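Okay, upload.cif is below, mmCIF, C-alpha atoms (C1' of nucleotides):
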```cif
data_work
#
loop_
_atom_site.label_atom_id
_atom_site.label_comp_id
_atom_site.auth_asym_id
_atom_site.auth_seq_id
_atom_site.Cartn_x
_atom_site.Cartn_y
_atom_site.Cartn_z
CA MET H 1 22.40 -34.75 24.26
CA THR H 2 26.02 -33.94 25.06
CA SER H 3 26.44 -30.63 23.27
CA GLU H 4 23.00 -30.48 21.66
CA ARG H 5 21.68 -27.63 23.76
CA SER H 6 24.67 -25.53 22.93
CA THR H 7 24.20 -26.10 19.19
CA ARG H 8 20.49 -25.39 19.44
CA GLU H 9 21.25 -22.15 21.23
CA LYS H 10 23.76 -21.14 18.60
CA ILE H 11 21.14 -21.71 15.92
CA ILE H 12 18.47 -19.75 17.78
CA ASP H 13 20.94 -16.94 18.40
CA ALA H 14 21.65 -16.72 14.70
CA ALA H 15 17.93 -16.86 13.92
CA ASN H 16 17.30 -14.11 16.44
CA ARG H 17 19.76 -11.79 14.77
CA LEU H 18 18.64 -12.49 11.22
CA PHE H 19 14.88 -12.79 11.71
CA TYR H 20 14.73 -9.58 13.74
CA ARG H 21 16.96 -7.67 11.36
CA GLU H 22 15.52 -8.81 8.02
CA GLY H 23 12.12 -10.33 8.76
CA ILE H 24 10.91 -13.92 8.85
CA ARG H 25 10.17 -14.59 5.22
CA ALA H 26 13.15 -12.59 4.02
CA VAL H 27 15.58 -14.96 5.75
CA SER H 28 16.21 -18.46 4.43
CA VAL H 29 17.04 -21.52 6.49
CA ASP H 30 20.34 -21.62 4.61
CA ALA H 31 21.20 -18.15 5.85
CA VAL H 32 20.44 -19.04 9.46
CA ALA H 33 22.51 -22.21 9.23
CA GLU H 34 25.46 -20.35 7.72
CA ALA H 35 25.29 -17.67 10.41
CA ALA H 36 25.27 -20.41 13.04
CA GLY H 37 28.34 -22.03 11.47
CA LEU H 38 26.83 -25.25 10.17
CA THR H 39 24.98 -26.60 7.17
CA LYS H 40 21.27 -26.59 6.54
CA ARG H 41 21.08 -30.35 6.93
CA SER H 42 22.50 -30.09 10.44
CA LEU H 43 20.01 -27.37 11.33
CA TYR H 44 17.20 -29.69 10.27
CA TYR H 45 18.58 -32.27 12.66
CA HIS H 46 17.83 -29.89 15.55
CA PHE H 47 14.61 -28.32 14.22
CA LYS H 48 12.01 -30.22 12.31
CA SER H 49 10.90 -27.18 10.30
CA LYS H 50 11.41 -23.45 9.79
CA ASP H 51 8.13 -22.80 11.60
CA GLU H 52 9.48 -24.48 14.71
CA LEU H 53 12.61 -22.34 14.46
CA ILE H 54 10.50 -19.18 14.19
CA ALA H 55 8.52 -20.12 17.29
CA ASP H 56 11.68 -20.82 19.30
CA TYR H 57 13.19 -17.55 18.15
CA LEU H 58 10.28 -15.68 19.72
CA ARG H 59 10.22 -17.88 22.80
CA LEU H 60 13.85 -17.00 23.52
CA ARG H 61 13.14 -13.32 22.92
CA GLY H 62 10.29 -13.04 25.40
CA HIS H 63 11.91 -13.58 28.77
CA PRO H 64 14.67 -10.94 28.64
CA ASN H 65 12.11 -8.48 27.29
CA LEU H 66 9.90 -8.68 30.37
CA LYS H 67 12.86 -8.70 32.72
CA ARG H 68 14.07 -5.40 31.28
CA TYR H 69 10.72 -3.74 32.01
CA ALA H 70 10.81 -5.00 35.59
CA ASP H 71 14.40 -3.84 36.07
CA TRP H 72 13.67 -0.42 34.65
CA TYR H 73 10.61 -0.03 36.86
CA ALA H 74 12.57 -1.06 39.95
CA ALA H 75 15.40 1.36 39.15
CA ALA H 76 13.11 4.32 38.46
CA GLU H 77 12.41 7.08 40.94
CA GLY H 78 9.27 9.04 41.78
CA GLY H 79 5.63 7.99 42.06
CA LEU H 80 3.86 5.29 40.11
CA ALA H 81 3.13 7.47 37.09
CA GLU H 82 6.73 8.65 36.87
CA ARG H 83 8.05 5.09 37.10
CA ILE H 84 5.75 3.95 34.31
CA GLY H 85 6.89 6.91 32.26
CA ALA H 86 10.49 5.89 32.91
CA ILE H 87 9.86 2.56 31.18
CA PHE H 88 8.76 4.37 28.03
CA ASP H 89 11.85 6.58 28.16
CA ARG H 90 14.07 3.52 28.43
CA ILE H 91 12.46 1.91 25.42
CA ALA H 92 12.92 5.19 23.58
CA SER H 93 16.63 5.03 24.36
CA GLU H 94 16.83 1.52 22.98
CA ALA H 95 14.92 2.57 19.89
CA GLU H 96 17.62 5.14 19.20
CA ARG H 97 20.20 2.43 18.66
CA PRO H 98 21.05 1.77 14.99
CA GLY H 99 19.87 -1.83 14.74
CA TRP H 100 16.49 -1.21 16.35
CA LYS H 101 13.62 -2.25 14.09
CA GLY H 102 10.49 -2.29 16.24
CA CYS H 103 8.91 -5.08 18.25
CA GLY H 104 9.89 -8.54 17.05
CA PHE H 105 6.60 -9.98 18.27
CA LEU H 106 4.41 -7.47 16.45
CA ARG H 107 6.49 -7.68 13.29
CA THR H 108 6.30 -11.47 13.29
CA ALA H 109 2.55 -11.34 13.93
CA ALA H 110 2.17 -8.93 11.02
CA GLU H 111 4.00 -11.33 8.73
CA LEU H 112 2.24 -14.49 9.87
CA VAL H 113 -1.28 -13.17 10.43
CA ASN H 114 -2.34 -15.10 7.33
CA GLN H 115 -1.47 -18.36 9.11
CA PRO H 116 -3.83 -18.28 12.14
CA GLY H 117 -2.61 -21.53 13.66
CA HIS H 118 1.09 -20.71 13.48
CA PRO H 119 2.87 -21.60 16.76
CA ALA H 120 4.80 -18.32 16.70
CA LEU H 121 1.56 -16.35 16.95
CA LYS H 122 0.59 -18.22 20.08
CA ILE H 123 3.94 -17.39 21.65
CA GLY H 124 3.54 -13.74 20.71
CA VAL H 125 0.13 -13.61 22.38
CA GLU H 126 1.49 -15.28 25.51
CA HIS H 127 4.36 -12.82 25.76
CA LYS H 128 2.19 -9.73 25.37
CA LYS H 129 -0.35 -11.11 27.84
CA THR H 130 2.44 -11.72 30.34
CA VAL H 131 3.62 -8.13 30.01
CA GLU H 132 0.05 -6.87 30.40
CA ALA H 133 -0.44 -9.03 33.51
CA TRP H 134 2.78 -7.67 34.98
CA PHE H 135 1.55 -4.09 34.58
CA ALA H 136 -1.83 -5.06 36.07
CA GLU H 137 -0.07 -6.49 39.11
CA ILE H 138 1.95 -3.31 39.58
CA PHE H 139 -1.19 -1.18 39.34
CA ALA H 140 -3.09 -3.42 41.75
CA GLU H 141 -0.28 -3.17 44.30
CA ASN H 142 -0.48 0.60 44.06
CA GLY H 143 -4.20 0.71 44.67
CA ALA H 144 -5.43 1.60 41.19
CA SER H 145 -9.19 1.34 40.80
CA GLU H 146 -9.23 -0.85 37.67
CA PRO H 147 -5.71 -2.29 37.36
CA GLY H 148 -6.54 -4.66 34.50
CA ARG H 149 -8.09 -2.05 32.28
CA LEU H 150 -5.35 0.45 33.07
CA ALA H 151 -2.75 -2.14 32.13
CA ARG H 152 -4.51 -2.73 28.81
CA LYS H 153 -4.41 0.98 28.05
CA VAL H 154 -0.73 1.29 28.92
CA CYS H 155 0.08 -1.70 26.69
CA LEU H 156 -1.98 -0.12 23.95
CA LEU H 157 0.28 2.92 24.15
CA ILE H 158 3.42 0.78 24.18
CA ASP H 159 2.42 -1.15 21.09
CA GLY H 160 1.25 2.00 19.37
CA ALA H 161 4.64 3.57 20.07
CA PHE H 162 6.41 0.44 18.80
CA SER H 163 4.47 0.69 15.55
CA GLN H 164 4.90 4.41 15.02
CA ALA H 165 8.53 4.61 16.11
CA MET H 166 9.19 1.83 13.60
CA LEU H 167 7.25 3.45 10.77
CA TYR H 168 8.52 6.99 11.33
CA ARG H 169 11.98 5.91 12.50
CA ASP H 170 11.52 8.33 15.38
CA PRO H 171 11.87 7.12 19.00
CA GLY H 172 10.21 10.35 20.12
CA TYR H 173 6.85 8.64 19.85
CA PHE H 174 7.79 6.57 22.89
CA ARG H 175 8.27 9.71 24.94
CA GLU H 176 4.93 11.10 23.75
CA ALA H 177 3.31 7.76 24.61
CA GLY H 178 5.00 7.86 28.01
CA LEU H 179 3.38 11.19 28.76
CA ALA H 180 -0.02 9.84 27.74
CA ALA H 181 0.54 6.80 29.94
CA GLN H 182 1.51 9.01 32.87
CA ALA H 183 -1.70 10.98 32.41
CA LEU H 184 -3.83 7.84 32.42
CA VAL H 185 -2.01 6.30 35.38
CA GLY H 186 -2.06 9.51 37.35
CA ALA H 187 -5.82 9.84 36.85
CA ALA H 188 -6.61 6.25 37.81
CA ALA H 189 -4.15 5.49 40.58
CA VAL H 190 -4.00 6.48 44.21
CA GLU H 191 -0.41 7.47 44.76
CA PRO H 192 0.82 6.69 48.26
CA ALA H 193 3.84 8.97 48.01
CA THR H 194 4.32 11.52 45.24
CA ALA H 195 8.03 11.87 44.51
CA ALA H 196 10.40 13.28 47.13
CA THR H 197 12.46 11.16 49.49
CA MET E 198 -3.01 4.61 -23.25
CA THR E 199 -6.50 3.63 -24.41
CA SER E 200 -7.47 1.12 -21.72
CA GLU E 201 -4.23 1.26 -19.77
CA ARG E 202 -5.61 2.89 -16.69
CA SER E 203 -8.32 0.32 -16.40
CA THR E 204 -5.82 -2.53 -16.62
CA ARG E 205 -3.57 -0.86 -14.10
CA GLU E 206 -6.49 -0.53 -11.73
CA LYS E 207 -7.41 -4.17 -12.16
CA ILE E 208 -3.86 -5.15 -11.27
CA ILE E 209 -3.75 -2.89 -8.23
CA ASP E 210 -7.13 -4.21 -7.12
CA ALA E 211 -5.83 -7.75 -7.28
CA ALA E 212 -2.65 -6.73 -5.47
CA ASN E 213 -4.72 -5.02 -2.81
CA ARG E 214 -6.70 -8.15 -2.09
CA LEU E 215 -3.71 -10.53 -2.09
CA PHE E 216 -1.09 -8.35 -0.40
CA TYR E 217 -3.46 -7.41 2.41
CA ARG E 218 -4.69 -10.95 2.91
CA GLU E 219 -1.40 -12.85 2.69
CA GLY E 220 1.35 -10.29 3.15
CA ILE E 221 3.79 -8.72 0.73
CA ARG E 222 6.52 -11.31 0.53
CA ALA E 223 4.08 -14.21 0.71
CA VAL E 224 2.46 -13.19 -2.59
CA SER E 225 4.27 -13.64 -5.90
CA VAL E 226 3.94 -11.43 -8.95
CA ASP E 227 2.55 -14.50 -10.72
CA ALA E 228 -0.28 -14.74 -8.21
CA VAL E 229 -1.20 -11.07 -8.59
CA ALA E 230 -1.19 -11.35 -12.38
CA GLU E 231 -3.37 -14.45 -12.30
CA ALA E 232 -5.83 -12.78 -9.93
CA ALA E 233 -5.95 -9.79 -12.28
CA GLY E 234 -6.68 -12.07 -15.22
CA LEU E 235 -3.49 -11.65 -17.22
CA THR E 236 0.02 -13.01 -17.40
CA LYS E 237 3.05 -11.92 -15.49
CA ARG E 238 4.67 -10.51 -18.61
CA SER E 239 1.71 -8.18 -19.10
CA LEU E 240 1.89 -7.06 -15.51
CA TYR E 241 5.52 -6.14 -16.01
CA TYR E 242 4.42 -4.02 -18.95
CA HIS E 243 2.41 -1.84 -16.55
CA PHE E 244 4.74 -1.96 -13.53
CA LYS E 245 8.48 -1.94 -13.80
CA SER E 246 8.97 -3.97 -10.61
CA LYS E 247 7.20 -5.62 -7.70
CA ASP E 248 8.38 -2.80 -5.45
CA GLU E 249 6.53 -0.27 -7.59
CA LEU E 250 3.42 -2.44 -7.39
CA ILE E 251 3.68 -2.59 -3.60
CA ALA E 252 3.94 1.19 -3.39
CA ASP E 253 0.92 1.70 -5.64
CA TYR E 254 -1.05 -0.82 -3.63
CA LEU E 255 -0.58 1.33 -0.53
CA ARG E 256 -1.17 4.57 -2.39
CA LEU E 257 -4.57 3.34 -3.52
CA ARG E 258 -5.39 2.16 -0.03
CA GLY E 259 -4.73 5.46 1.69
CA HIS E 260 -7.41 7.77 0.38
CA PRO E 261 -10.55 5.73 1.18
CA ASN E 262 -9.08 5.05 4.61
CA LEU E 263 -8.97 8.72 5.58
CA LYS E 264 -12.35 9.40 3.99
CA ARG E 265 -13.95 6.75 6.20
CA TYR E 266 -12.63 8.42 9.33
CA ALA E 267 -14.01 11.78 8.20
CA ASP E 268 -17.40 10.28 7.32
CA TRP E 269 -17.65 8.48 10.63
CA TYR E 270 -16.75 11.63 12.51
CA ALA E 271 -19.33 13.66 10.61
CA ALA E 272 -22.04 11.08 11.22
CA ALA E 273 -21.36 10.71 14.94
CA GLU E 274 -23.37 12.41 17.63
CA GLY E 275 -22.40 14.03 20.93
CA GLY E 276 -19.44 16.17 21.93
CA LEU E 277 -15.91 16.02 20.56
CA ALA E 278 -14.78 13.19 22.83
CA GLU E 279 -17.81 11.06 21.96
CA ARG E 280 -17.31 11.61 18.23
CA ILE E 281 -13.67 10.57 18.47
CA GLY E 282 -14.76 7.51 20.43
CA ALA E 283 -17.25 6.73 17.67
CA ILE E 284 -14.40 6.42 15.16
CA PHE E 285 -12.77 3.74 17.31
CA ASP E 286 -16.08 1.89 17.59
CA ARG E 287 -16.47 1.94 13.83
CA ILE E 288 -13.00 0.51 13.30
CA ALA E 289 -13.85 -2.15 15.88
CA SER E 290 -16.89 -3.09 13.81
CA GLU E 291 -14.74 -3.42 10.71
CA ALA E 292 -12.22 -5.49 12.63
CA GLU E 293 -14.97 -7.97 13.43
CA ARG E 294 -15.35 -8.88 9.77
CA PRO E 295 -13.77 -12.20 8.81
CA GLY E 296 -11.16 -10.94 6.34
CA TRP E 297 -9.82 -8.20 8.60
CA LYS E 298 -6.10 -8.56 9.23
CA GLY E 299 -4.93 -5.33 10.83
CA CYS E 300 -3.57 -2.16 9.24
CA GLY E 301 -2.11 -2.70 5.78
CA PHE E 302 0.30 0.20 6.25
CA LEU E 303 1.72 -1.05 9.54
CA ARG E 304 1.94 -4.63 8.30
CA THR E 305 3.78 -3.54 5.17
CA ALA E 306 6.11 -1.36 7.23
CA ALA E 307 6.82 -4.32 9.50
CA GLU E 308 7.75 -6.46 6.51
CA LEU E 309 9.85 -3.85 4.71
CA VAL E 310 11.54 -2.15 7.67
CA ASN E 311 14.78 -3.82 6.58
CA GLN E 312 14.67 -1.81 3.33
CA PRO E 313 14.80 1.79 4.61
CA GLY E 314 14.57 3.41 1.20
CA HIS E 315 11.60 1.41 -0.04
CA PRO E 316 9.00 3.67 -1.72
CA ALA E 317 6.15 1.88 0.08
CA LEU E 318 7.50 3.00 3.45
CA LYS E 319 7.41 6.61 2.34
CA ILE E 320 3.78 6.25 1.30
CA GLY E 321 2.94 4.65 4.63
CA VAL E 322 4.50 7.56 6.49
CA GLU E 323 2.63 10.07 4.34
CA HIS E 324 -0.69 8.35 4.95
CA LYS E 325 -0.29 8.17 8.73
CA LYS E 326 0.88 11.76 8.86
CA THR E 327 -2.17 12.83 6.86
CA VAL E 328 -4.46 11.06 9.31
CA GLU E 329 -2.65 12.66 12.23
CA ALA E 330 -2.93 16.09 10.62
CA TRP E 331 -6.65 15.56 10.10
CA PHE E 332 -7.14 14.81 13.79
CA ALA E 333 -5.04 17.84 14.73
CA GLU E 334 -7.25 20.04 12.56
CA ILE E 335 -10.39 18.70 14.23
CA PHE E 336 -8.94 19.32 17.67
CA ALA E 337 -7.81 22.82 16.74
CA GLU E 338 -11.29 23.67 15.46
CA ASN E 339 -12.71 22.56 18.79
CA GLY E 340 -10.37 24.71 20.81
CA ALA E 341 -8.08 22.05 22.24
CA SER E 342 -5.03 23.48 23.98
CA GLU E 343 -2.39 21.40 22.17
CA PRO E 344 -4.13 19.95 19.10
CA GLY E 345 -0.99 18.51 17.53
CA ARG E 346 0.14 16.61 20.60
CA LEU E 347 -3.38 15.40 21.28
CA ALA E 348 -3.61 14.11 17.71
CA ARG E 349 -0.34 12.23 18.15
CA LYS E 350 -1.69 10.56 21.27
CA VAL E 351 -4.95 9.56 19.60
CA CYS E 352 -3.05 8.10 16.64
CA LEU E 353 -0.82 6.27 19.10
CA LEU E 354 -3.93 4.61 20.51
CA ILE E 355 -5.28 3.80 17.05
CA ASP E 356 -2.07 2.12 15.93
CA GLY E 357 -1.75 0.33 19.26
CA ALA E 358 -5.27 -1.01 18.81
CA PHE E 359 -4.51 -2.04 15.22
CA SER E 360 -1.51 -4.02 16.47
CA GLN E 361 -3.20 -5.66 19.43
CA ALA E 362 -6.52 -6.41 17.72
CA MET E 363 -4.45 -8.11 15.01
CA LEU E 364 -2.27 -10.09 17.42
CA TYR E 365 -5.07 -11.12 19.77
CA ARG E 366 -7.72 -11.37 17.06
CA ASP E 367 -9.96 -9.34 19.34
CA PRO E 368 -11.55 -6.09 18.10
CA GLY E 369 -12.38 -5.26 21.72
CA TYR E 370 -9.02 -3.53 21.99
CA PHE E 371 -10.38 -0.80 19.72
CA ARG E 372 -13.20 -0.12 22.15
CA GLU E 373 -10.76 0.02 25.07
CA ALA E 374 -8.54 2.35 23.04
CA GLY E 375 -11.58 4.47 22.24
CA LEU E 376 -12.30 4.96 25.92
CA ALA E 377 -8.70 5.96 26.55
CA ALA E 378 -8.88 8.41 23.64
CA GLN E 379 -12.10 9.89 25.00
CA ALA E 380 -10.43 10.40 28.36
CA LEU E 381 -7.46 12.19 26.79
CA VAL E 382 -9.63 14.32 24.51
CA GLY E 383 -12.08 15.17 27.26
CA ALA E 384 -9.25 16.35 29.49
CA ALA E 385 -7.57 18.49 26.83
CA ALA E 386 -10.46 19.93 24.86
CA VAL E 387 -12.93 22.68 25.58
CA GLU E 388 -16.27 21.24 24.54
CA PRO E 389 -18.66 23.87 23.21
CA ALA E 390 -21.76 21.69 23.54
CA THR E 391 -21.84 18.45 25.52
CA ALA E 392 -24.33 16.06 23.92
CA ALA E 393 -28.07 16.70 23.95
CA THR E 394 -30.01 18.35 21.14
"C1'" DG S 395 -0.55 -4.68 -24.99
"C1'" DT S 396 -0.79 -9.41 -24.50
"C1'" DC S 397 1.11 -13.79 -25.13
"C1'" DT S 398 4.55 -18.30 -24.54
"C1'" DA S 399 8.85 -19.59 -23.00
"C1'" DT S 400 12.74 -19.28 -20.23
"C1'" DA S 401 16.64 -17.43 -17.74
"C1'" DA S 402 19.20 -17.87 -13.42
"C1'" DG S 403 18.78 -18.65 -9.00
"C1'" DC S 404 16.70 -19.42 -4.37
"C1'" DC S 405 13.18 -21.93 -1.42
"C1'" DG S 406 12.14 -25.59 2.35
"C1'" DA S 407 13.05 -30.05 3.05
"C1'" DT S 408 15.21 -34.79 2.40
"C1'" DA S 409 18.52 -39.00 1.09
"C1'" DG S 410 22.16 -41.33 2.48
"C1'" DA S 411 27.31 -41.51 3.59
"C1'" DC S 412 30.34 -41.14 7.44
"C1'" DG C 413 25.55 -35.07 14.64
"C1'" DT C 414 27.59 -33.31 10.71
"C1'" DC C 415 28.45 -33.57 5.99
"C1'" DT C 416 27.64 -33.36 0.33
"C1'" DA C 417 24.30 -33.58 -3.01
"C1'" DT C 418 19.90 -33.01 -4.63
"C1'" DC C 419 14.72 -32.94 -5.27
"C1'" DG C 420 10.76 -30.49 -6.98
"C1'" DG C 421 9.01 -26.27 -7.00
"C1'" DC C 422 8.82 -21.44 -6.82
"C1'" DT C 423 11.09 -16.57 -7.36
"C1'" DT C 424 11.67 -11.91 -9.94
"C1'" DA C 425 12.44 -10.51 -14.20
"C1'" DT C 426 13.30 -10.69 -19.34
"C1'" DA C 427 13.36 -12.20 -24.66
"C1'" DG C 428 10.93 -12.06 -28.53
"C1'" DA C 429 6.65 -13.40 -31.28
"C1'" DC C 430 2.18 -11.61 -32.46
#
```
Could you render the structure as structure tokens?
Amino acid sequence: MTSERSTREKIIDAANRLFYREGIRAVSVDAVAEAAGLTKRSLYYHFKSKDELIADYLRLRGHPNLKRYADWYAAAEGGLAERIGAIFDRIASEAERPGWKGCGFLRTAAELVNQPGHPALKIGVEHKKTVEAWFAEIFAENGASEPGRLARKVCLLIDGAFSQAMLYRDPGYFREAGLAAQALVGAAAVEPATAAT
Amino acid sequence: MTSERSTREKIIDAANRLFYREGIRAVSVDAVAEAAGLTKRSLYYHFKSKDELIADYLRLRGHPNLKRYADWYAAAEGGLAERIGAIFDRIASEAERPGWKGCGFLRTAAELVNQPGHPALKIGVEHKKTVEAWFAEIFAENGASEPGRLARKVCLLIDGAFSQAMLYRDPGYFREAGLAAQALVGAAAVEPATAAT
DNA sequence: GTCTATAAGCCGATAGAC
DNA sequence: GTCTATCGGCTTATAGAC
């Protein structure tokens, strides 16, 4: 227990880099161990199976993801619709970076959809539901008529943009999705103060 | 050349079933050959590599996909927005079937995004672009103000629904997406005749 | 055009020493 | 907690007979 957490974190960090970059099934346990600076046998001391490692890789990925959305929303200016649109623009900026390869949760789900009980799928669902609930809360605070359904639609646009920006290798789809989201939010929400100081 | 096309088709049919059900990297060339009723060596007589087989699997999958959308649109009743919504409802019905596992193009793209030059990715892009162009044509015919951008938004919702219905195992996301699409289409299009006979 | 056989190597996971 | 060594099986792809 002395330095175990540190070693575990190093392994998950390595898994995060490799799994996201290459895909789950394309990366061997050997490769993760080597990237973490130890042997496969040592990795199996910390994780009982590759499936457990996959699940922990996604678990670690979830929290910073949601925090970024919240930070971007808080830093944005304008009314509700504009602030939602700003989140899409921020994701678009991230998608322009060289190593960007879509949403790790959706890509993992796509690979493991043939294993319905896989623990990583459950974590993916939890993460996306948490994001959706966060949007619903924001919309409710701003007096939207149906905050839950509006949140579902916005998340639909986010995941659609993740998929298309990945397929087309064009972050512009996030900006298009952001405009669609602004239209939906603007139509459904009562804006207390529209832009201006 | 006598019965070659028939054998090729049998192989692609088997690949279609297995690749879609299990995923690309989860299915071996051996498994495809066995499902097609021949040996691996014979498969390699017809396809020079697994990558070529993957590409042809998607190529075969594209055409019937688009045709279904067109048929559903033609069979639907009501104004433009309602007919677009009907397409989403039809996909939702398909997604309720037991073997449904999302969009084969998006799932393949998610698996192969680490191989930018892969021929299957190019075919996926072509297919999605064809679908988008079909929607744009429909919108243009109906006098929408910006048919191309509207088509992009509708496709954004379709791919978002594909991703979420797959992750959550809930076809209801297609119906929610359909409502969002109807709202966007209704706001952007000039409807010549709104429902009624 | 289809077959048997095999190359050459990687896969996840484990045994047992230290 | 980390190591070397290995198990048993699977991987894409090929050689050569028929």
- Distance-based interface of chain E with chain H, 8 Å, counting all atoms listed in the file, as a VMD selection string: chain E and resid 218 to 220 222 to 223 298 to 299 303 to 304 306 to 311 318 321 to 322 346 349 to 350 352 to 358 360 to 361 363 to 365 373 to 374 377 381
- Query: How many Å lie between atom C1' of C:DT414 and atom CA of H:Lys48, rounded to one decimal?
  - Reply: 16.0 Å
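The residue set within 12 Å of C:DG420, counting all atoms listed in the file and dropping same-chain residues fewer than 4 places from it, reads DC405, DG406, DA407 and DT408 of chain S.
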Listed atoms of stretch 99-107 of chain H, axis-aligned box, 6 Å per side: centre and edge lengths to one decimal in Å, as AutoDock Vina command-line options?
```
--center_x 12.1 --center_y -5.6 --center_z 15.8 --size_x 27.5 --size_y 20.8 --size_z 17.0
```
- Considering only C-alpha atoms (C1' of nucleotides), extract the chain S residues located within 12 Å of chain E and return them as a PyMOL selection string. chain S and resi 395-399
